[in-house]
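Student: Structure: work.cif, mmCIF, C-alpha atoms and all ligand atoms.
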data_my_file
loop_
_atom_site.label_atom_id
_atom_site.label_comp_id
_atom_site.auth_asym_id
_atom_site.auth_seq_id
_atom_site.Cartn_x
_atom_site.Cartn_y
_atom_site.Cartn_z
CA MET A 7 19.09 12.78 -29.08
CA SER A 8 21.55 13.15 -26.23
CA PHE A 9 21.15 13.22 -22.49
CA SER A 10 23.38 14.06 -19.54
CA VAL A 11 23.30 13.53 -15.81
CA GLU A 12 23.82 15.79 -12.83
CA GLN A 13 24.98 14.25 -9.59
CA ARG A 14 23.69 15.47 -6.23
CA GLY A 15 24.77 14.28 -2.79
CA ASN A 16 27.74 12.03 -2.11
CA GLN A 17 28.21 8.81 -4.01
CA ASN A 18 27.61 5.76 -1.76
CA SER A 19 25.48 7.76 0.66
CA LEU A 20 21.74 7.94 1.29
CA GLY A 21 21.56 11.42 -0.26
CA TYR A 22 23.04 10.43 -3.62
CA ARG A 23 20.88 11.30 -6.64
CA LEU A 24 21.52 11.31 -10.39
CA PHE A 25 19.22 13.72 -12.24
CA PHE A 26 18.79 13.73 -16.01
CA LYS A 27 18.88 16.57 -18.52
CA ASN A 28 18.15 16.66 -22.23
CA ALA A 29 20.33 18.20 -24.95
CA GLU A 30 18.94 21.67 -24.18
CA GLY A 31 20.02 21.35 -20.55
CA LYS A 32 16.42 21.01 -19.33
CA TYR A 33 15.74 18.65 -16.41
CA ILE A 34 13.79 15.58 -17.48
CA SER A 35 12.43 12.39 -15.95
CA PRO A 36 14.28 9.31 -17.25
CA PHE A 37 11.08 7.30 -16.64
CA HIS A 38 8.72 9.54 -18.62
CA ASP A 39 10.60 12.01 -20.82
CA ILE A 40 13.09 9.81 -22.66
CA PRO A 41 11.38 8.26 -25.70
CA MET A 42 11.06 4.48 -25.60
CA TYR A 43 12.19 4.17 -29.20
CA ALA A 44 15.55 5.41 -30.43
CA ASP A 45 14.51 4.27 -33.92
CA LYS A 46 10.99 2.90 -34.23
CA GLY A 47 11.40 1.58 -37.78
CA GLN A 48 14.46 -0.45 -36.78
CA ASN A 49 13.02 -1.52 -33.40
CA ILE A 50 15.91 0.15 -31.57
CA PHE A 51 15.05 1.12 -27.99
CA HIS A 52 16.54 3.51 -25.47
CA MET A 53 17.93 1.98 -22.31
CA VAL A 54 18.75 3.92 -19.15
CA VAL A 55 21.76 2.28 -17.49
CA GLU A 56 21.16 2.08 -13.74
CA VAL A 57 23.86 -0.44 -12.80
CA PRO A 58 27.15 -0.81 -14.73
CA ARG A 59 28.42 -4.35 -15.12
CA TRP A 60 30.56 -5.79 -12.24
CA THR A 61 29.17 -3.31 -9.72
CA ASN A 62 26.92 -4.19 -6.75
CA ALA A 63 25.06 -1.03 -5.72
CA LYS A 64 21.36 -1.57 -6.43
CA MET A 65 20.75 1.71 -8.22
CA GLU A 66 17.38 2.39 -9.76
CA ILE A 67 15.14 5.03 -11.23
CA ALA A 68 13.27 6.42 -8.22
CA THR A 69 9.76 5.98 -9.60
CA LYS A 70 8.13 7.67 -6.58
CA ASP A 71 10.36 10.79 -6.47
CA LEU A 72 9.89 14.01 -8.44
CA LEU A 73 11.88 13.82 -11.72
CA ASN A 74 12.64 10.15 -10.98
CA PRO A 75 16.41 10.49 -10.42
CA ILE A 76 18.54 7.36 -10.07
CA LYS A 77 19.17 6.55 -6.41
CA GLN A 78 20.31 3.54 -4.44
CA ASP A 79 17.68 1.22 -3.03
CA VAL A 80 17.51 1.33 0.77
CA LYS A 81 16.48 -1.50 3.04
CA LYS A 82 16.03 -1.08 6.78
CA GLY A 83 17.80 2.28 6.53
CA LYS A 84 20.87 0.84 4.82
CA LEU A 85 22.05 1.17 1.22
CA ARG A 86 21.38 -1.99 -0.68
CA TYR A 87 24.12 -3.91 -2.53
CA VAL A 88 23.46 -7.18 -4.34
CA ALA A 89 25.36 -10.16 -2.97
CA ASN A 90 28.07 -11.91 -4.99
CA VAL A 91 26.69 -15.42 -5.37
CA PHE A 92 29.51 -17.67 -6.58
CA PRO A 93 30.68 -17.53 -9.34
CA HIS A 94 29.18 -14.10 -10.01
CA LYS A 95 30.62 -10.71 -9.05
CA GLY A 96 28.08 -7.90 -9.01
CA TYR A 97 25.72 -7.59 -11.93
CA ILE A 98 26.92 -9.60 -14.95
CA TRP A 99 25.44 -7.20 -17.56
CA ASN A 100 24.90 -3.50 -17.81
CA TYR A 101 21.50 -3.38 -16.14
CA GLY A 102 18.79 -0.81 -16.51
CA ALA A 103 15.34 0.00 -17.83
CA ILE A 104 13.50 1.00 -20.99
CA PRO A 105 11.91 4.44 -20.51
CA GLN A 106 8.18 5.00 -21.06
CA THR A 107 7.31 1.43 -20.05
CA TRP A 108 5.50 0.22 -16.95
CA GLU A 109 4.71 -3.23 -15.58
CA ASP A 110 1.19 -2.52 -14.34
CA PRO A 111 0.61 -4.12 -10.92
CA ALA A 112 -3.14 -4.31 -11.67
CA HIS A 113 -2.59 -6.28 -14.87
CA LYS A 114 -2.35 -10.05 -14.61
CA ASP A 115 -0.08 -11.29 -17.36
CA GLY A 116 -1.71 -13.97 -19.53
CA ASP A 117 1.53 -15.94 -19.82
CA THR A 118 2.91 -15.76 -16.29
CA GLY A 119 -0.38 -15.55 -14.38
CA CYS A 120 1.19 -12.83 -12.21
CA CYS A 121 0.77 -9.06 -12.01
CA GLY A 122 3.42 -6.48 -12.88
CA ASP A 123 6.04 -5.20 -10.44
CA ASN A 124 5.11 -1.48 -10.78
CA ASP A 125 8.44 -0.59 -12.44
CA PRO A 126 9.65 0.20 -15.95
CA ILE A 127 10.73 -2.96 -17.79
CA ASP A 128 14.26 -4.20 -16.94
CA VAL A 129 17.05 -4.75 -19.46
CA CYS A 130 20.25 -6.79 -19.34
CA GLU A 131 22.69 -5.37 -21.90
CA ILE A 132 25.22 -8.00 -22.95
CA GLY A 133 27.75 -5.94 -24.93
CA SER A 134 31.44 -5.86 -24.05
CA LYS A 135 31.63 -2.24 -22.88
CA VAL A 136 31.11 -1.45 -19.22
CA CYS A 137 28.67 1.46 -19.32
CA SER A 138 28.43 4.30 -16.83
CA ARG A 139 25.54 4.86 -14.46
CA GLY A 140 23.04 7.18 -16.13
CA ASP A 141 24.12 6.43 -19.69
CA VAL A 142 21.23 6.44 -22.14
CA ILE A 143 22.17 3.92 -24.81
CA LYS A 144 20.46 2.53 -27.89
CA VAL A 145 19.83 -1.20 -27.78
CA LYS A 146 18.78 -3.98 -30.11
CA VAL A 147 16.39 -6.37 -28.36
CA LEU A 148 17.30 -10.06 -28.61
CA GLY A 149 14.95 -11.91 -26.26
CA ILE A 150 13.30 -11.95 -22.87
CA LEU A 151 13.13 -13.96 -19.65
CA ALA A 152 9.96 -14.10 -17.53
CA MET A 153 11.12 -13.91 -13.93
CA ILE A 154 8.58 -14.36 -11.12
CA ASP A 155 9.73 -12.49 -8.03
CA GLU A 156 7.60 -13.25 -4.97
CA GLY A 157 4.47 -13.57 -7.11
CA GLU A 158 5.12 -10.56 -9.37
CA THR A 159 5.96 -10.66 -13.08
CA ASP A 160 9.38 -9.09 -13.61
CA TRP A 161 10.41 -9.34 -17.27
CA LYS A 162 14.13 -9.22 -18.09
CA VAL A 163 14.81 -8.05 -21.63
CA ILE A 164 18.08 -9.27 -23.16
CA ALA A 165 19.59 -6.67 -25.49
CA ILE A 166 22.85 -5.45 -26.99
CA ASN A 167 24.15 -1.92 -27.38
CA VAL A 168 23.91 -0.99 -31.07
CA ASP A 169 27.39 0.56 -30.72
CA ASP A 170 28.94 -2.74 -29.64
CA PRO A 171 31.58 -3.84 -32.20
CA GLU A 172 29.77 -7.20 -32.49
CA ALA A 173 26.22 -5.84 -32.54
CA SER A 174 25.64 -6.80 -36.19
CA GLU A 175 26.20 -10.47 -35.31
CA PHE A 176 23.46 -10.46 -32.67
CA ASN A 177 19.92 -10.50 -34.03
CA ASN A 178 18.04 -12.97 -31.87
CA ILE A 179 18.30 -14.94 -28.64
CA SER A 180 19.84 -17.91 -30.52
CA ASP A 181 22.84 -15.72 -31.42
CA VAL A 182 23.50 -15.12 -27.73
CA ARG A 183 23.36 -18.85 -27.07
CA ARG A 184 25.76 -19.51 -29.96
CA LEU A 185 28.23 -16.62 -29.59
CA LYS A 186 28.31 -16.20 -25.80
CA PRO A 187 27.99 -19.79 -24.59
CA GLY A 188 26.89 -20.06 -20.97
CA TYR A 189 25.77 -16.44 -20.64
CA LEU A 190 22.03 -17.19 -20.75
CA GLU A 191 22.38 -20.04 -18.26
CA ALA A 192 24.45 -17.74 -16.01
CA THR A 193 21.72 -15.10 -16.34
CA VAL A 194 19.01 -17.48 -15.10
CA ASP A 195 21.32 -18.65 -12.30
CA TRP A 196 22.04 -15.06 -11.28
CA PHE A 197 18.38 -14.04 -11.09
CA ARG A 198 17.36 -17.26 -9.38
CA ARG A 199 19.82 -16.89 -6.53
CA TYR A 200 20.82 -13.27 -6.06
CA LYS A 201 18.48 -12.60 -3.14
CA VAL A 202 19.12 -15.86 -1.29
CA PRO A 203 22.01 -14.39 0.81
CA ASP A 204 19.50 -11.70 1.94
CA GLY A 205 17.23 -14.43 3.33
CA LYS A 206 14.82 -14.47 0.38
CA PRO A 207 13.62 -17.53 -1.52
CA GLU A 208 14.97 -18.40 -4.96
CA ASN A 209 13.16 -16.62 -7.80
CA GLN A 210 11.07 -18.62 -10.25
CA PHE A 211 10.59 -18.31 -14.00
CA ALA A 212 7.72 -18.88 -16.40
CA PHE A 213 8.06 -20.88 -19.65
CA ASN A 214 10.11 -23.60 -17.98
CA GLU A 215 12.97 -21.09 -17.47
CA GLU A 216 13.38 -20.61 -21.20
CA PHE A 217 14.11 -17.33 -22.92
CA LYS A 218 11.59 -16.10 -25.47
CA ASP A 219 12.81 -14.71 -28.78
CA LYS A 220 13.14 -11.20 -30.13
CA ASP A 221 9.60 -10.93 -31.55
CA PHE A 222 8.05 -12.05 -28.29
CA ALA A 223 10.24 -9.60 -26.37
CA ILE A 224 9.23 -6.67 -28.57
CA GLU A 225 5.54 -7.51 -28.06
CA VAL A 226 6.03 -7.54 -24.28
CA ILE A 227 7.85 -4.19 -24.40
CA LYS A 228 5.06 -2.70 -26.53
CA SER A 229 2.44 -3.91 -24.03
CA THR A 230 4.36 -2.26 -21.16
CA HIS A 231 4.50 0.93 -23.25
CA ASN A 232 0.69 0.78 -23.57
CA PHE A 233 0.41 0.47 -19.77
CA TRP A 234 2.71 3.48 -19.41
CA ASN A 235 0.56 5.43 -21.90
CA ALA A 236 -2.54 4.69 -19.80
CA LEU A 237 -0.62 5.81 -16.70
CA ILE A 238 0.66 9.10 -18.12
CA SER A 239 -2.73 9.96 -19.63
CA GLN A 240 -4.43 9.36 -16.23
CA LYS A 241 -6.51 6.43 -17.48
CA VAL A 242 -5.30 4.39 -14.53
CA ASN A 243 -4.43 5.33 -10.96
CA ALA A 244 -0.72 6.12 -10.55
CA GLY A 245 -0.75 5.23 -6.86
CA GLU A 246 2.55 6.30 -5.32
CA LEU A 247 4.33 6.70 -8.66
CA ASN A 248 5.54 10.19 -9.49
CA CYS A 249 4.44 10.89 -13.07
CA LYS A 250 5.57 14.51 -13.26
CA ASN A 251 7.48 15.19 -16.45
CA THR A 252 8.78 18.19 -18.35
CA CYS A 253 8.30 17.10 -21.98
CA VAL A 254 5.36 14.71 -22.36
CA SER A 255 2.28 16.05 -20.59
CA ALA A 256 0.42 19.18 -21.72
CA GLY A 257 0.39 22.27 -19.53
CA ASN A 258 -3.10 21.52 -18.19
CA SER A 259 -2.09 18.07 -16.95
CA PRO A 260 -1.33 17.62 -13.24
CA PHE A 261 1.75 15.69 -14.43
CA CYS A 262 3.24 18.70 -16.20
CA CYS A 263 6.33 19.93 -14.32
CA SER A 264 7.58 23.43 -15.09
CA ALA A 265 11.28 24.22 -15.46
CA ASP A 266 11.09 26.24 -12.23
CA GLU A 267 9.50 23.37 -10.33
CA ALA A 268 12.15 20.99 -11.67
CA THR A 269 15.02 23.32 -10.73
CA ALA A 270 13.54 23.78 -7.24
CA ALA A 271 13.23 20.00 -6.76
CA VAL A 272 16.88 19.45 -7.66
CA GLY A 273 17.89 22.36 -5.42
CA GLU A 274 16.24 20.72 -2.43
CA THR A 275 18.59 17.73 -2.61
CA PHE A 276 22.08 17.68 -1.10
CA PRO A 277 24.79 19.40 -3.17
CA ARG A 278 27.33 17.14 -4.80
CA GLY A 279 30.08 16.15 -2.40
CA LYS A 280 32.90 13.69 -2.19
CA GLU A 281 32.49 9.97 -2.69
CA GLU A 282 32.08 7.84 0.41
CA PRO A 283 33.75 4.42 0.68
CA VAL A 284 31.87 1.24 -0.26
CA PRO A 285 31.82 -1.12 2.76
CA SER A 286 34.28 -4.01 2.33
CA SER A 287 31.47 -6.47 3.15
CA VAL A 288 30.15 -5.84 -0.38
CA ASP A 289 33.07 -7.93 -1.73
CA LYS A 290 32.04 -11.03 0.22
CA TRP A 291 31.51 -14.14 -1.92
CA PHE A 292 28.55 -16.36 -1.02
CA TYR A 293 28.64 -20.10 -1.62
CA TYR A 294 25.64 -22.31 -1.40
CA GLU A 295 24.73 -25.46 -3.16
CA LYS A 296 22.56 -25.22 -6.24
CA LYS A 297 19.40 -27.29 -6.14
MG MG A 301 11.42 -5.06 -12.74
#
Turn this file's structure into structure tokens for me.

Tutor:
Amino acid sequence: MSFSVEQRGNQNSLGYRLFFKNAEGKYISPFHDIPMYADKGQNIFHMVVEVPRWTNAKMEIATKDLLNPIKQDVKKGKLRYVANVFPHKGYIWNYGAIPQTWEDPAHKDGDTGCCGDNDPIDVCEIGSKVCSRGDVIKVKVLGILAMIDEGETDWKVIAINVDDPEASEFNNISDVRRLKPGYLEATVDWFRRYKVPDGKPENQFAFNEEFKDKDFAIEVIKSTHNFWNALISQKVNAGELNCKNTCVSAGNSPFCCSADEATAAVGETFPRGKEEPVPSSVDKWFYYEKK
């Protein structure tokens, strides 16, 4: 299964969009149309890369837009970049989401006591390659961290690209601790503090800030897939989410998007233009004392 992206608008501008196509060149939604599993028997999942490692632009699947292209988060009319909190520079993993999953905001998690954040489940990919925005990679799940962001459950799956040269050595969260010493601690530190320069409180974590293992992670992912299934089959209210798709829903579903409708939606966005500069303020390094 292969996928490609089509850029619209200018990179680093408000109009930038990255649309997805399948192998037949048909527009698809990366949220709904890309299968969660790359290989169900082997527990290999697809991951949509939203943010390549070392970059700062907070790019994400636009869950409320038709075809759910990747676009940059906007706050108070300005493009959002994550701050570099010393010693980190940008995101310290390839960061993205597992398609066909949803953290239901109406479901209170039994472990965290908090409801979902209304997004597909997040993934931190720890392999050595710096991926490209919009890559759809196959990952092996290794563990999971239960972040609590302003009262919402926001799971962070830890995974490795199956194509990583060292992938065979990583089979559980303990392998990350052993083979990449400090990376898990850095991951907690990153998530705890990354919004502090923007005036937000530190994030909290369930389970005494400990990572859960592979089996636990896979169960959480499966539960978010069940929530997505309820969403796409109209068993729950989608709210503002755009559930239109071109491959999953039957023709009689209100979520079924025709090829013509998809092409028209892409055509309404800005044509691809030249890249705009990233403001130099994005390189600023923030220091503040850890508690
Ligand atoms: Mg999330």

Student: Kindly work out which residues sit at most 6 Å from ligand MG 301 (chain A), using only C-alpha atoms and all ligand atoms, and give the list as a VMD selection string.

Tutor: chain A and resid 123 125 127 to 128 160

Student: So that I can check the surroundings of Pro171 (chain A), please list as an mmCIF file with C-alpha atoms, in the coordinates of the input every protein, DNA and RNA residue that reaches within 9 Å of it, counting all atoms listed in the file and ignoring chain neighbours fewer than 2 positions away.

Tutor:
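Result saved to result-v7.cif:
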data_model
loop_
_atom_site.group_PDB
_atom_site.id
_atom_site.type_symbol
_atom_site.label_atom_id
_atom_site.label_comp_id
_atom_site.auth_asym_id
_atom_site.auth_seq_id
_atom_site.Cartn_x
_atom_site.Cartn_y
_atom_site.Cartn_z
ATOM 1 C CA GLY A 133 27.750 -5.940 -24.930
ATOM 2 C CA SER A 134 31.440 -5.860 -24.050
ATOM 3 C CA VAL A 168 23.910 -0.990 -31.070
ATOM 4 C CA ASP A 169 27.390 0.560 -30.720
ATOM 5 C CA ALA A 173 26.220 -5.840 -32.540
ATOM 6 C CA SER A 174 25.640 -6.800 -36.190
#

Student: Within 7 Å of Arg86 (chain A), counting only C-alpha atoms, which residues show up once you throw out same-chain ones fewer than 6 positions away? Write them as a list in words, please.

Tutor: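 With the cut-off at 7 Å, the set is Ala63, Lys64, Gln78, Asp79 and Val80 of chain A.
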
Student: Can you list, as a PDB file with C-alpha atoms, in the frame of the given file, every protein, DNA or RNA residue that comes within 12 Å of Glu281 (chain A) when you count all atoms listed in the file, leaving out same-chain residues fewer than 6 positions away?

Tutor:
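The resulting file, part01.pdb, is shown below:
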ATOM      1  CA  GLN A  13      24.980  14.250  -9.590  1.00  0.00           C
ATOM      2  CA  ARG A  14      23.690  15.470  -6.230  1.00  0.00           C
ATOM      3  CA  GLY A  15      24.770  14.280  -2.790  1.00  0.00           C
ATOM      4  CA  ASN A  16      27.740  12.030  -2.110  1.00  0.00           C
ATOM      5  CA  GLN A  17      28.210   8.810  -4.010  1.00  0.00           C
ATOM      6  CA  ASN A  18      27.610   5.760  -1.760  1.00  0.00           C
ATOM      7  CA  SER A  19      25.480   7.760   0.660  1.00  0.00           C
ATOM      8  CA  LEU A  20      21.740   7.940   1.290  1.00  0.00           C
ATOM      9  CA  GLY A  21      21.560  11.420  -0.260  1.00  0.00           C
ATOM     10  CA  TYR A  22      23.040  10.430  -3.620  1.00  0.00           C
TER      11      TYR A  22
END

Student: Within 12 Å of (24.1, 0.3, -17.0), all atoms listed in the file: residues as JSON, numbers by chain?

Tutor: {"A": [52, 53, 54, 55, 56, 57, 58, 59, 60, 61, 62, 63, 64, 65, 66, 67, 76, 97, 98, 99, 100, 101, 102, 103, 104, 128, 129, 130, 131, 132, 133, 134, 135, 136, 137, 138, 139, 140, 141, 142, 143, 144, 145, 165, 166, 167]}

Student: Can I get the selected residues back with C-alpha atoms, as a PDB file, in the frame of the given file?

Tutor:
ATOM      1  CA  HIS A  52      16.540   3.510 -25.470  1.00  0.00           C
ATOM      2  CA  MET A  53      17.930   1.980 -22.310  1.00  0.00           C
ATOM      3  CA  VAL A  54      18.750   3.920 -19.150  1.00  0.00           C
ATOM      4  CA  VAL A  55      21.760   2.280 -17.490  1.00  0.00           C
ATOM      5  CA  GLU A  56      21.160   2.080 -13.740  1.00  0.00           C
ATOM      6  CA  VAL A  57      23.860  -0.440 -12.800  1.00  0.00           C
ATOM      7  CA  PRO A  58      27.150  -0.810 -14.730  1.00  0.00           C
ATOM      8  CA  ARG A  59      28.420  -4.350 -15.120  1.00  0.00           C
ATOM      9  CA  TRP A  60      30.560  -5.790 -12.240  1.00  0.00           C
ATOM     10  CA  THR A  61      29.170  -3.310  -9.720  1.00  0.00           C
ATOM     11  CA  ASN A  62      26.920  -4.190  -6.750  1.00  0.00           C
ATOM     12  CA  ALA A  63      25.060  -1.030  -5.720  1.00  0.00           C
ATOM     13  CA  LYS A  64      21.360  -1.570  -6.430  1.00  0.00           C
ATOM     14  CA  MET A  65      20.750   1.710  -8.220  1.00  0.00           C
ATOM     15  CA  GLU A  66      17.380   2.390  -9.760  1.00  0.00           C
ATOM     16  CA  ILE A  67      15.140   5.030 -11.230  1.00  0.00           C
ATOM     17  CA  ILE A  76      18.540   7.360 -10.070  1.00  0.00           C
ATOM     18  CA  TYR A  97      25.720  -7.590 -11.930  1.00  0.00           C
ATOM     19  CA  ILE A  98      26.920  -9.600 -14.950  1.00  0.00           C
ATOM     20  CA  TRP A  99      25.440  -7.200 -17.560  1.00  0.00           C
ATOM     21  CA  ASN A 100      24.900  -3.500 -17.810  1.00  0.00           C
ATOM     22  CA  TYR A 101      21.500  -3.380 -16.140  1.00  0.00           C
ATOM     23  CA  GLY A 102      18.790  -0.810 -16.510  1.00  0.00           C
ATOM     24  CA  ALA A 103      15.340   0.000 -17.830  1.00  0.00           C
ATOM     25  CA  ILE A 104      13.500   1.000 -20.990  1.00  0.00           C
ATOM     26  CA  ASP A 128      14.260  -4.200 -16.940  1.00  0.00           C
ATOM     27  CA  VAL A 129      17.050  -4.750 -19.460  1.00  0.00           C
ATOM     28  CA  CYS A 130      20.250  -6.790 -19.340  1.00  0.00           C
ATOM     29  CA  GLU A 131      22.690  -5.370 -21.900  1.00  0.00           C
ATOM     30  CA  ILE A 132      25.220  -8.000 -22.950  1.00  0.00           C
ATOM     31  CA  GLY A 133      27.750  -5.940 -24.930  1.00  0.00           C
ATOM     32  CA  SER A 134      31.440  -5.860 -24.050  1.00  0.00           C
ATOM     33  CA  LYS A 135      31.630  -2.240 -22.880  1.00  0.00           C
ATOM     34  CA  VAL A 136      31.110  -1.450 -19.220  1.00  0.00           C
ATOM     35  CA  CYS A 137      28.670   1.460 -19.320  1.00  0.00           C
ATOM     36  CA  SER A 138      28.430   4.300 -16.830  1.00  0.00           C
ATOM     37  CA  ARG A 139      25.540   4.860 -14.460  1.00  0.00           C
ATOM     38  CA  GLY A 140      23.040   7.180 -16.130  1.00  0.00           C
ATOM     39  CA  ASP A 141      24.120   6.430 -19.690  1.00  0.00           C
ATOM     40  CA  VAL A 142      21.230   6.440 -22.140  1.00  0.00           C
ATOM     41  CA  ILE A 143      22.170   3.920 -24.810  1.00  0.00           C
ATOM     42  CA  LYS A 144      20.460   2.530 -27.890  1.00  0.00           C
ATOM     43  CA  VAL A 145      19.830  -1.200 -27.780  1.00  0.00           C
ATOM     44  CA  ALA A 165      19.590  -6.670 -25.490  1.00  0.00           C
ATOM     45  CA  ILE A 166      22.850  -5.450 -26.990  1.00  0.00           C
ATOM     46  CA  ASN A 167      24.150  -1.920 -27.380  1.00  0.00           C
TER      47      ASN A 167
END

Student: Name the residues in contact with Asn251 (chain A) at a cut-off of 8 Å, using all atoms listed in the file, excluding same-chain residues fewer than 4 positions from it; report them as a list in words.

Tutor: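 Selected residues are Ile34, Ser35, His38, Asp39, Leu73, Ser255, Phe261, Cys262 and Cys263 of chain A.
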
Student: Report, in Å to a single decimal, how far apart CA of Trp161 (chain A) and CA of Gly122 (chain A) are.

Tutor: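 Distance between the two atoms: 8.7 Å.
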
Student: Enumerate, in order of chain and increasing residue number, the residues of region 60-90 of chain A with an atom no farther than 12 Å from region 188-196 of chain A, each with its shortest atom pair and distance in Å to one decimal, counting all atoms listed in the file, as a tab-separated table.

Tutor:
residue	atom	partner	partner_atom	distance
A:Val88	CA	A:Trp196	CA	10.6
A:Ala89	CA	A:Trp196	CA	10.2
A:Asn90	CA	A:Trp196	CA	9.3

Student: In Å, with one decimal, what is the gap from CA of Pro207 (chain A) to CA of Lys84 (chain A)?

Tutor: 20.7 Å

Student: So, counting all atoms listed in the file, which residue among A:Lys228, A:Ala68, A:Ile179, A:Ala29 is closest to Lys46 (chain A)?

Tutor: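 Once distances to Lys46 (chain A) are computed over all atoms listed in the file, the minimum belongs to A:Lys228.
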
Student: Can you patch up region 73-88 of chain A, filling it in to N, CA and C atoms, and show the result as a compact mmCIF listing (two decimals), in the frame of the given file?

Tutor:
# COMPACT_ATOMS: atom_id res chain seq x y z
N LEU A 73 10.88 13.91 -10.64
CA LEU A 73 11.88 13.82 -11.72
C LEU A 73 12.56 12.46 -11.80
N ASN A 74 12.15 11.54 -10.92
CA ASN A 74 12.64 10.15 -10.98
C ASN A 74 14.16 10.02 -11.16
N PRO A 75 14.95 10.66 -10.29
CA PRO A 75 16.41 10.49 -10.42
C PRO A 75 16.80 9.05 -10.12
N ILE A 76 18.02 8.66 -10.49
CA ILE A 76 18.54 7.36 -10.07
C ILE A 76 19.03 7.51 -8.63
N LYS A 77 18.64 6.58 -7.78
CA LYS A 77 19.17 6.55 -6.41
C LYS A 77 19.34 5.10 -5.99
N GLN A 78 20.05 4.91 -4.90
CA GLN A 78 20.31 3.54 -4.44
C GLN A 78 19.16 3.06 -3.58
N ASP A 79 18.75 1.82 -3.82
CA ASP A 79 17.68 1.22 -3.03
C ASP A 79 18.14 1.12 -1.57
N VAL A 80 17.21 1.34 -0.66
CA VAL A 80 17.51 1.33 0.77
C VAL A 80 16.63 0.29 1.44
N LYS A 81 17.24 -0.50 2.30
CA LYS A 81 16.48 -1.50 3.04
C LYS A 81 16.84 -1.40 4.51
N LYS A 82 15.83 -1.26 5.34
CA LYS A 82 16.03 -1.08 6.78
C LYS A 82 17.05 0.03 7.04
N GLY A 83 16.94 1.13 6.31
CA GLY A 83 17.80 2.28 6.53
C GLY A 83 19.20 2.18 5.98
N LYS A 84 19.51 1.02 5.34
CA LYS A 84 20.87 0.84 4.82
C LYS A 84 20.86 0.73 3.30
N LEU A 85 21.91 1.26 2.67
CA LEU A 85 22.05 1.17 1.22
C LEU A 85 22.12 -0.28 0.81
N ARG A 86 21.45 -0.60 -0.27
CA ARG A 86 21.38 -1.99 -0.68
C ARG A 86 22.41 -2.32 -1.78
N TYR A 87 23.16 -3.38 -1.55
CA TYR A 87 24.12 -3.91 -2.53
C TYR A 87 23.74 -5.35 -2.81
N VAL A 88 23.78 -5.78 -4.08
CA VAL A 88 23.46 -7.18 -4.34
C VAL A 88 24.65 -8.05 -3.93
